[in-house]
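*Asks:* mmCIF, C-alpha atoms, saved as structure-v4.cif, coming up:
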data_work
#
loop_
_atom_site.label_atom_id
_atom_site.label_comp_id
_atom_site.auth_asym_id
_atom_site.auth_seq_id
_atom_site.Cartn_x
_atom_site.Cartn_y
_atom_site.Cartn_z
CA MET A 1 -61.05 20.46 24.95
CA ALA A 2 -59.33 19.22 28.08
CA SER A 3 -57.38 16.81 25.95
CA THR A 4 -56.16 19.59 23.59
CA SER A 5 -55.08 21.79 26.49
CA LEU A 6 -53.26 18.87 28.11
CA ARG A 7 -51.58 18.02 24.80
CA GLN A 8 -50.44 21.64 24.50
CA GLN A 9 -49.02 21.58 28.03
CA LEU A 10 -47.29 18.32 27.21
CA SER A 11 -45.78 19.79 24.06
CA ILE A 12 -44.52 22.84 25.96
CA MET A 13 -43.01 20.65 28.69
CA ARG A 14 -41.39 18.37 26.11
CA GLN A 15 -39.82 21.35 24.35
CA SER A 16 -38.54 22.81 27.61
CA LEU A 17 -36.81 19.50 28.43
CA PHE A 18 -34.98 19.83 25.11
CA ASP A 19 -34.26 23.56 25.51
CA GLU A 20 -32.77 23.00 28.99
CA GLY A 21 -30.55 20.21 27.62
CA ILE A 22 -32.13 17.67 29.97
CA LEU A 23 -33.17 15.43 27.08
CA ASP A 24 -31.66 15.09 23.64
CA TYR A 25 -34.18 15.97 20.91
CA GLU A 26 -32.85 13.49 18.33
CA GLN A 27 -32.70 10.50 20.64
CA VAL A 28 -36.12 11.15 22.20
CA SER A 29 -37.72 11.73 18.79
CA TYR A 30 -36.24 8.44 17.67
CA LEU A 31 -37.59 6.61 20.75
CA GLU A 32 -41.02 8.12 20.07
CA THR A 33 -41.03 6.42 16.65
CA LEU A 34 -40.72 3.06 18.42
CA GLU A 35 -44.08 3.64 20.13
CA ASN A 36 -47.20 2.49 18.30
CA GLU A 37 -50.43 0.58 18.93
CA ASP A 38 -48.40 -2.61 19.60
CA ASP A 39 -46.58 -0.86 22.42
CA PRO A 40 -48.51 2.33 23.26
CA ASP A 41 -46.75 2.94 26.60
CA PHE A 42 -43.23 2.38 25.35
CA ILE A 43 -41.89 5.90 26.08
CA GLU A 44 -43.42 6.06 29.57
CA ASN A 45 -42.09 2.59 30.38
CA VAL A 46 -38.57 3.41 29.21
CA PHE A 47 -38.50 6.72 31.08
CA THR A 48 -39.92 5.07 34.22
CA LEU A 49 -37.31 2.31 34.01
CA PHE A 50 -34.55 4.89 33.73
CA LEU A 51 -35.86 6.85 36.70
CA ARG A 52 -35.74 3.67 38.75
CA ASP A 53 -32.46 2.22 37.52
CA SER A 54 -30.44 5.43 37.37
CA SER A 55 -31.15 6.02 41.08
CA ARG A 56 -29.88 2.52 41.85
CA TYR A 57 -26.74 3.00 39.77
CA ILE A 58 -25.87 6.29 41.49
CA ASP A 59 -26.54 4.80 44.94
CA SER A 60 -24.29 1.85 44.08
CA ILE A 61 -21.49 4.16 42.91
CA GLU A 62 -21.71 6.10 46.16
CA LYS A 63 -21.71 2.93 48.29
CA ALA A 64 -18.75 1.50 46.36
CA LEU A 65 -16.83 4.74 47.05
CA GLU A 66 -17.59 4.50 50.76
CA THR A 67 -16.34 0.93 51.17
CA SER A 68 -12.82 0.35 52.36
CA PRO A 69 -11.03 -0.45 50.15
CA ILE A 70 -13.03 1.31 47.42
CA ASP A 71 -14.93 -1.20 45.29
CA TYR A 72 -13.60 -0.09 41.89
CA PRO A 73 -15.06 -2.99 39.85
CA VAL A 74 -18.60 -2.20 41.06
CA MET A 75 -18.06 1.51 40.45
CA GLU A 76 -16.87 0.79 36.92
CA ILE A 77 -19.86 -1.41 36.08
CA MET A 78 -22.37 1.07 37.51
CA MET A 79 -20.79 4.02 35.70
CA TYR A 80 -20.89 2.12 32.41
CA ARG A 81 -24.52 1.16 32.97
CA LEU A 82 -25.43 4.75 33.74
CA LYS A 83 -23.48 5.96 30.72
CA GLY A 84 -25.16 3.44 28.43
CA SER A 85 -28.71 3.83 29.65
CA SER A 86 -28.54 7.64 29.79
CA ALA A 87 -27.27 7.69 26.20
CA SER A 88 -30.06 5.32 25.13
CA ILE A 89 -32.87 7.51 26.50
CA GLY A 90 -31.26 10.81 25.55
CA ALA A 91 -30.55 12.01 29.10
CA SER A 92 -27.78 14.34 27.85
CA LYS A 93 -26.75 16.07 31.07
CA ILE A 94 -26.71 12.83 33.07
CA ASN A 95 -24.64 11.24 30.31
CA GLY A 96 -22.24 14.18 30.26
CA GLU A 97 -21.77 14.20 34.04
CA THR A 98 -21.23 10.44 34.05
CA ASN A 99 -18.47 10.77 31.44
CA ILE A 100 -16.76 13.45 33.55
CA LEU A 101 -17.07 11.24 36.65
CA ARG A 102 -15.54 8.23 34.89
CA LYS A 103 -12.62 10.25 33.60
CA LEU A 104 -11.83 11.73 37.01
CA PHE A 105 -11.84 8.32 38.72
CA HIS A 106 -9.81 6.77 35.89
CA ASP A 107 -7.26 9.59 36.29
CA GLY A 108 -7.11 8.80 40.02
CA ASP A 109 -8.41 12.21 41.04
CA MET A 110 -10.58 10.95 43.90
CA GLU A 111 -11.34 14.33 45.46
CA SER A 112 -12.56 15.82 42.19
CA GLY A 113 -14.34 12.53 41.50
CA LYS A 114 -16.27 12.78 44.75
CA ALA A 115 -17.21 16.39 44.00
CA SER A 116 -18.29 15.34 40.52
CA LEU A 117 -20.47 12.61 42.02
CA GLN A 118 -22.25 15.21 44.13
CA LYS A 119 -22.82 17.28 40.98
CA LEU A 120 -24.19 14.20 39.21
CA LYS A 121 -26.54 13.54 42.13
CA ALA A 122 -27.83 17.11 42.01
CA GLU A 123 -28.30 16.92 38.24
CA HIS A 124 -30.05 13.60 38.65
CA ALA A 125 -32.41 14.97 41.31
CA THR A 126 -33.48 17.78 38.97
CA PHE A 127 -33.82 15.34 36.09
CA LYS A 128 -35.95 12.94 38.15
CA GLU A 129 -38.28 15.72 39.24
CA LYS A 130 -38.86 17.04 35.74
CA LEU A 131 -39.07 13.69 34.00
CA ALA A 132 -41.50 12.34 36.61
CA VAL A 133 -43.79 15.30 35.90
CA TYR A 134 -43.49 14.72 32.15
CA VAL A 135 -44.26 10.99 32.47
CA GLY A 136 -47.26 11.83 34.66
CA MET A 137 -48.54 14.24 32.03
CA LEU A 138 -48.00 11.65 29.28
CA LYS A 139 -50.13 9.15 31.20
CA GLN A 140 -52.80 11.74 31.88
CA ALA A 141 -52.94 12.78 28.25
CA LYS A 142 -53.41 9.18 27.13
CA LEU A 143 -56.13 8.56 29.71
CA SER A 144 -58.00 11.69 28.68
CA GLU A 145 -58.17 10.36 25.12
CA TYR A 146 -60.17 7.28 26.13
CA MET B 1 -32.57 -13.76 5.03
CA ALA B 2 -32.96 -9.97 4.80
CA THR B 3 -33.24 -8.46 1.34
CA HIS B 4 -33.02 -4.79 0.56
CA ILE B 5 -35.63 -3.94 -2.06
CA ASN B 6 -36.40 -0.44 -3.31
CA GLY B 7 -34.92 1.23 -0.26
CA SER B 8 -36.66 -0.87 2.36
CA TRP B 9 -36.06 -4.16 4.08
CA GLU B 10 -38.02 -7.20 3.04
CA LEU B 11 -37.63 -9.97 5.54
CA GLY B 12 -38.24 -13.34 4.03
CA ALA B 13 -38.22 -16.11 6.54
CA LYS B 14 -38.58 -14.32 9.86
CA MET B 15 -35.19 -13.24 11.12
CA THR B 16 -34.32 -13.96 14.72
CA ALA B 17 -32.11 -12.11 17.14
CA LEU B 18 -30.80 -12.37 20.67
CA VAL B 19 -30.27 -9.21 22.72
CA VAL B 20 -27.58 -9.78 25.34
CA ASP B 21 -27.53 -6.87 27.79
CA ASP B 22 -27.68 -6.52 31.57
CA ASP B 23 -29.35 -3.12 31.53
CA SER B 24 -33.18 -3.24 31.55
CA ILE B 25 -33.50 0.04 29.62
CA ASN B 26 -31.31 -1.16 26.78
CA GLN B 27 -33.04 -4.54 26.82
CA THR B 28 -36.41 -2.79 26.39
CA ILE B 29 -35.23 -0.40 23.67
CA HIS B 30 -33.28 -2.97 21.66
CA HIS B 31 -36.11 -5.51 21.91
CA ARG B 32 -38.61 -2.94 20.62
CA LEU B 33 -36.27 -1.69 17.92
CA LEU B 34 -35.82 -5.22 16.54
CA GLU B 35 -39.52 -5.95 16.87
CA GLN B 36 -40.35 -2.90 14.81
CA LEU B 37 -37.99 -4.14 12.11
CA GLY B 38 -39.93 -7.39 12.08
CA ILE B 39 -37.14 -9.35 13.79
CA GLU B 40 -38.32 -11.92 16.30
CA ASN B 41 -36.08 -11.57 19.33
CA GLN B 42 -35.47 -12.52 22.92
CA VAL B 43 -33.33 -11.12 25.69
CA ALA B 44 -30.48 -12.60 27.74
CA ARG B 45 -29.31 -10.68 30.82
CA ASN B 46 -25.64 -11.63 30.56
CA GLY B 47 -23.15 -13.72 28.62
CA LYS B 48 -23.83 -16.89 30.58
CA GLU B 49 -27.56 -16.72 29.79
CA ALA B 50 -26.67 -16.28 26.12
CA ILE B 51 -24.51 -19.42 26.25
CA ASP B 52 -27.23 -21.36 28.08
CA ILE B 53 -29.84 -20.33 25.51
CA HIS B 54 -27.58 -21.65 22.73
CA CYS B 55 -26.87 -24.85 24.68
CA SER B 56 -30.63 -25.45 24.81
CA GLY B 57 -30.57 -25.69 21.02
CA LYS B 58 -31.75 -22.23 20.04
CA LYS B 59 -30.00 -20.40 17.21
CA PHE B 60 -30.27 -16.81 15.99
CA ASP B 61 -29.46 -14.90 12.82
CA LEU B 62 -28.18 -11.96 14.82
CA ILE B 63 -26.77 -11.54 18.32
CA LEU B 64 -26.46 -8.04 19.80
CA MET B 65 -23.79 -8.47 22.46
CA ASP B 66 -23.19 -5.89 25.17
CA ARG B 67 -19.59 -5.73 26.36
CA ASP B 68 -19.86 -5.02 30.07
CA MET B 69 -22.07 -7.48 31.91
CA PRO B 70 -21.88 -9.30 35.26
CA ILE B 71 -21.32 -13.10 35.57
CA MET B 72 -19.97 -13.35 32.00
CA ASN B 73 -19.07 -10.31 29.91
CA GLY B 74 -19.51 -9.91 26.17
CA ILE B 75 -15.89 -10.67 25.29
CA GLU B 76 -15.93 -14.01 27.08
CA ALA B 77 -19.40 -14.88 25.80
CA THR B 78 -18.41 -14.13 22.20
CA ARG B 79 -15.28 -16.30 22.50
CA LYS B 80 -17.32 -19.15 23.97
CA LEU B 81 -20.02 -18.93 21.30
CA ARG B 82 -17.42 -19.04 18.54
CA ALA B 83 -15.69 -21.98 20.26
CA MET B 84 -19.09 -23.73 20.29
CA GLY B 85 -19.23 -23.31 16.51
CA ILE B 86 -21.88 -20.58 16.50
CA ARG B 87 -21.52 -18.68 13.22
CA SER B 88 -24.37 -16.19 13.74
CA MET B 89 -23.69 -12.51 13.04
CA ILE B 90 -22.50 -11.16 16.40
CA ALA B 91 -22.50 -7.39 16.71
CA GLY B 92 -20.83 -5.92 19.76
CA VAL B 93 -22.75 -3.04 21.32
CA SER B 94 -21.14 -0.81 23.90
CA THR B 95 -20.55 2.71 25.11
CA ARG B 96 -16.80 2.14 24.96
CA CYS B 97 -15.06 4.17 22.30
CA VAL B 98 -11.35 3.61 23.05
CA LYS B 99 -9.81 1.91 20.00
CA GLN B 100 -7.93 -0.67 22.06
CA GLU B 101 -11.06 -1.73 23.94
CA ILE B 102 -13.06 -2.04 20.72
CA GLN B 103 -10.19 -4.04 19.18
CA GLU B 104 -10.18 -6.42 22.13
CA PHE B 105 -13.91 -6.99 21.69
CA MET B 106 -13.60 -7.48 17.91
CA GLU B 107 -10.80 -10.01 18.37
CA ALA B 108 -13.09 -12.12 20.55
CA GLY B 109 -15.01 -12.96 17.37
CA LEU B 110 -17.37 -10.12 16.53
CA ASP B 111 -18.55 -9.45 12.99
CA ASP B 112 -19.40 -5.83 13.70
CA TYR B 113 -19.31 -3.23 16.45
CA GLN B 114 -21.78 -0.43 17.13
CA GLU B 115 -21.62 2.28 19.73
CA LYS B 116 -24.68 2.87 21.90
CA PRO B 117 -27.28 4.19 21.51
CA LEU B 118 -28.49 1.70 18.92
CA THR B 119 -30.86 2.91 16.24
CA SER B 120 -32.74 1.26 13.39
CA ALA B 121 -30.13 2.67 10.98
CA LYS B 122 -27.33 0.92 12.90
CA ILE B 123 -29.27 -2.36 12.94
CA ILE B 124 -29.89 -2.06 9.20
CA SER B 125 -26.17 -1.52 8.57
CA ILE B 126 -25.57 -4.79 10.46
CA LEU B 127 -28.32 -6.53 8.48
CA ARG B 128 -26.68 -5.41 5.23
CA LYS B 129 -23.58 -7.36 6.27
CA ILE B 130 -25.69 -10.49 6.76
CA HIS B 131 -27.19 -9.90 3.31
CA HIS B 132 -23.80 -9.34 1.66
CA SER B 133 -22.21 -12.34 3.32
CA GLY B 134 -24.85 -14.60 1.72
CA SER B 135 -27.07 -17.14 3.41
CA ILE B 136 -26.83 -17.56 7.11
CA SER B 137 -25.46 -20.82 8.30
CA TYR B 138 -25.18 -22.19 11.79
#
Now that the file is in, can you turn its structure into structure tokens?
*Replies:*
Amino acid sequence: MASTSLRQQLSIMRQSLFDEGILDYEQVSYLETLENEDDPDFIENVFTLFLRDSSRYIDSIEKALETSPIDYPVMEIMMYRLKGSSASIGASKINGETNILRKLFHDGDMESGKASLQKLKAEHATFKEKLAVYVGMLKQAKLSEY
Amino acid sequence: MATHINGSWELGAKMTALVVDDDSINQTIHHRLLEQLGIENQVARNGKEAIDIHCSGKKFDLILMDRDMPIMNGIEATRKLRAMGIRSMIAGVSTRCVKQEIQEFMEAGLDDYQEKPLTSAKIISILRKIHHSGSISY
């Protein structure tokens, strides 16, 4: 009973992440097909990795911007990593904001770039909060089945 | 060698692959993706590690090469592998979509290029090229 209720909550949360555009339905559905008895925690592991690494990438971008002179090579690498990993896990909004950020810095618009970075950070904070809850529920649901 | 029979892949002798990517998320996803396709694979964190793995005597049917990596990027690593005589299928994998940048990567010695995110369908399209080009030789 508890397991069914938890599964229903999980399903509702999953759908809301798609409806809010936080996660891309196609990419997440695809990742879910990669999970099986050989790797039963694949989705949680990938999401947890992204939660960890994306924070590091954003911190590194911010630090690189604050150095004098600005560390453009580091910024470039971190933005590409964030772009790539967000695309791979279906983090649509993060991916979108990263693309905007890259373009602004490439165009030399530093003021808009800095504002965009703040927007990315805010988006990321929301994403982290919601995804952490979802990952927690995923773990709970699996535990309740044993 | 991979053979396409009745709409699905039949892998004869176990295919091998090397995932070259500095990002832990992509390493995890690409490793799992290949595993699910029955392709034995290992991960290198940058171009230099990929070179070192080959210098140790290991060879692979397929190399998935990320473009942007620290220490040695995918362009340099691809050039070096080709200069070493490595004839494996090397597929560049990147988020870059500017034609010039893709061209630069291709000219380093790639056989194929795929934009991230990678999927089984994209891997299979690469595998078809291995199949069509005949037996794999090192």
*Asks:* Would you translate the PyMOL selection byres ((chain B) within 9 of (chain A)) into the concrete set of residues it matches in this file, as an mmCIF file with C-alpha atoms, in the frame of the given file?
*Replies:*
data_model
loop_
_atom_site.group_PDB
_atom_site.id
_atom_site.type_symbol
_atom_site.label_atom_id
_atom_site.label_comp_id
_atom_site.auth_asym_id
_atom_site.auth_seq_id
_atom_site.Cartn_x
_atom_site.Cartn_y
_atom_site.Cartn_z
ATOM 1 C CA ASP B 22 -27.680 -6.520 31.570
ATOM 2 C CA ASP B 23 -29.350 -3.120 31.530
ATOM 3 C CA SER B 24 -33.180 -3.240 31.550
ATOM 4 C CA ILE B 25 -33.500 0.040 29.620
ATOM 5 C CA ASN B 26 -31.310 -1.160 26.780
ATOM 6 C CA THR B 28 -36.410 -2.790 26.390
ATOM 7 C CA ILE B 29 -35.230 -0.400 23.670
ATOM 8 C CA ARG B 32 -38.610 -2.940 20.620
ATOM 9 C CA LEU B 33 -36.270 -1.690 17.920
ATOM 10 C CA GLN B 36 -40.350 -2.900 14.810
ATOM 11 C CA ASP B 68 -19.860 -5.020 30.070
ATOM 12 C CA MET B 69 -22.070 -7.480 31.910
ATOM 13 C CA PRO B 70 -21.880 -9.300 35.260
ATOM 14 C CA SER B 94 -21.140 -0.810 23.900
ATOM 15 C CA THR B 95 -20.550 2.710 25.110
ATOM 16 C CA ARG B 96 -16.800 2.140 24.960
ATOM 17 C CA LYS B 116 -24.680 2.870 21.900
ATOM 18 C CA PRO B 117 -27.280 4.190 21.510
ATOM 19 C CA LEU B 118 -28.490 1.700 18.920
ATOM 20 C CA THR B 119 -30.860 2.910 16.240
#
*Asks:* Selected by the PyMOL selection byres ((chain A and resi 65) around 12) in the shown coordinates: which residues, as number ranges by chain?
*Replies:* A: 58-64, 66-76, 78, 105, 110-111, 113-114, 117
*Asks:* Select, from B:Arg128, B:Gly47, B:Tyr113, B:Arg87, the residue with the minimum atom-to-atom distance to Lys99 (chain B), counting only C-alpha atoms.
*Replies:*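 Among the listed residues, the smallest separation from Lys99 (chain B) belongs to B:Tyr113.
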*Asks:* Calculate how many Å separate CA of Ser116 (chain A) from CA of Asp19 (chain A), rounding to one decimal.
*Replies:* 23.4 Å
*Asks:* Any idea what the distance is between CA of Gly74 (chain B) and CA of Gly92 (chain B)?
*Replies:*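 Distance between the two atoms: 7.7 Å.
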*Asks:* Quick one: residues within 12 Å of Ala121 (chain B), only C-alpha atoms counted, chain neighbours fewer than 5 positions away excluded, as a ChimeraX atom specification?
*Replies:* /A:30 /B:8-9,33-34,37,114,126-128
*Asks:* Written as a list of chain:residue names, which residues does the PyMOL selection byres ((chain A and resi 125) around 12) give for the file shown?
*Replies:*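 This file, filtered by the PyMOL selection byres ((chain A and resi 125) around 12), leaves A:Ile22, A:Leu51, A:Ser54, A:Ser55, A:Ile58, A:Lys93, A:Ile94, A:Gln118, A:Lys119, A:Leu120, A:Lys121, A:Ala122, A:Glu123, A:His124, A:Thr126, A:Phe127, A:Lys128, A:Glu129, A:Lys130, A:Leu131, A:Ala132.
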*Asks:* Between CA of Val135 (chain A) and CA of Ser11 (chain A), what is the spacing in Å?
*Replies:*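 Calculated distance between CA of Ser11 (chain A) and CA of Val135 (chain A) is 12.3 Å.
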*Asks:* When distances are computed from all atoms listed in the file, which of B:Cys55, B:Val43, B:Ala17, B:Ile71 shows the smallest separation from Gly85 (chain B)?
*Replies:* B:Cys55
*Asks:* (-40.0, 19.8, 24.0) in this file's frame - what residues fall within 12 Å of it? Use all atoms listed in the file and give the answer as JSON, numbers by chain.
*Replies:* {"A": [7, 8, 9, 10, 11, 12, 13, 14, 15, 16, 17, 18, 19, 20, 21, 22, 23, 24, 25, 26, 28, 29, 131, 134]}
*Asks:* Quick one: of B:Asp61, B:Glu35, B:Asp66, B:Asp21, who's nearest to Glu115 (chain B), counting all atoms listed in the file?
*Replies:*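 Closest to Glu115 (chain B), using all atoms listed in the file: B:Asp66.
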*Asks:* Take every atom of region 125-137 of chain A listed in the file, fit an axis-aligned box around them, add 6 Å per side, and give the centre and edge lengths in Å to one decimal as AutoDock Vina command-line options.
*Replies:*
--center_x -40.5 --center_y 14.4 --center_z 36.7 --size_x 28.1 --size_y 18.8 --size_z 21.3
*Asks:* Using only C-alpha atoms for the distances, tell me which of B:Ile51, B:Ile102, B:Cys97, B:Ala108 is nearest to Leu81 (chain B).
*Replies:*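 The closest residue to Leu81 (chain B) is B:Ile51.
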*Asks:* Neighbours of Leu143 (chain A) within 12 Å (all atoms listed in the file; same-chain residues fewer than 3 positions away dropped), as a JSON list (two decimals) with C-alpha atoms, in the frame of the given file?
*Replies:*
[["chain", "number", "residue", "atom", "x", "y", "z"],
["A", 2, "ALA", "CA", -59.33, 19.22, 28.08],
["A", 3, "SER", "CA", -57.38, 16.81, 25.95],
["A", 6, "LEU", "CA", -53.26, 18.87, 28.11],
["A", 7, "ARG", "CA", -51.58, 18.02, 24.80],
["A", 40, "PRO", "CA", -48.51, 2.33, 23.26],
["A", 41, "ASP", "CA", -46.75, 2.94, 26.60],
["A", 136, "GLY", "CA", -47.26, 11.83, 34.66],
["A", 137, "MET", "CA", -48.54, 14.24, 32.03],
["A", 138, "LEU", "CA", -48.00, 11.65, 29.28],
["A", 139, "LYS", "CA", -50.13, 9.15, 31.20],
["A", 140, "GLN", "CA", -52.80, 11.74, 31.88],
["A", 146, "TYR", "CA", -60.17, 7.28, 26.13]]
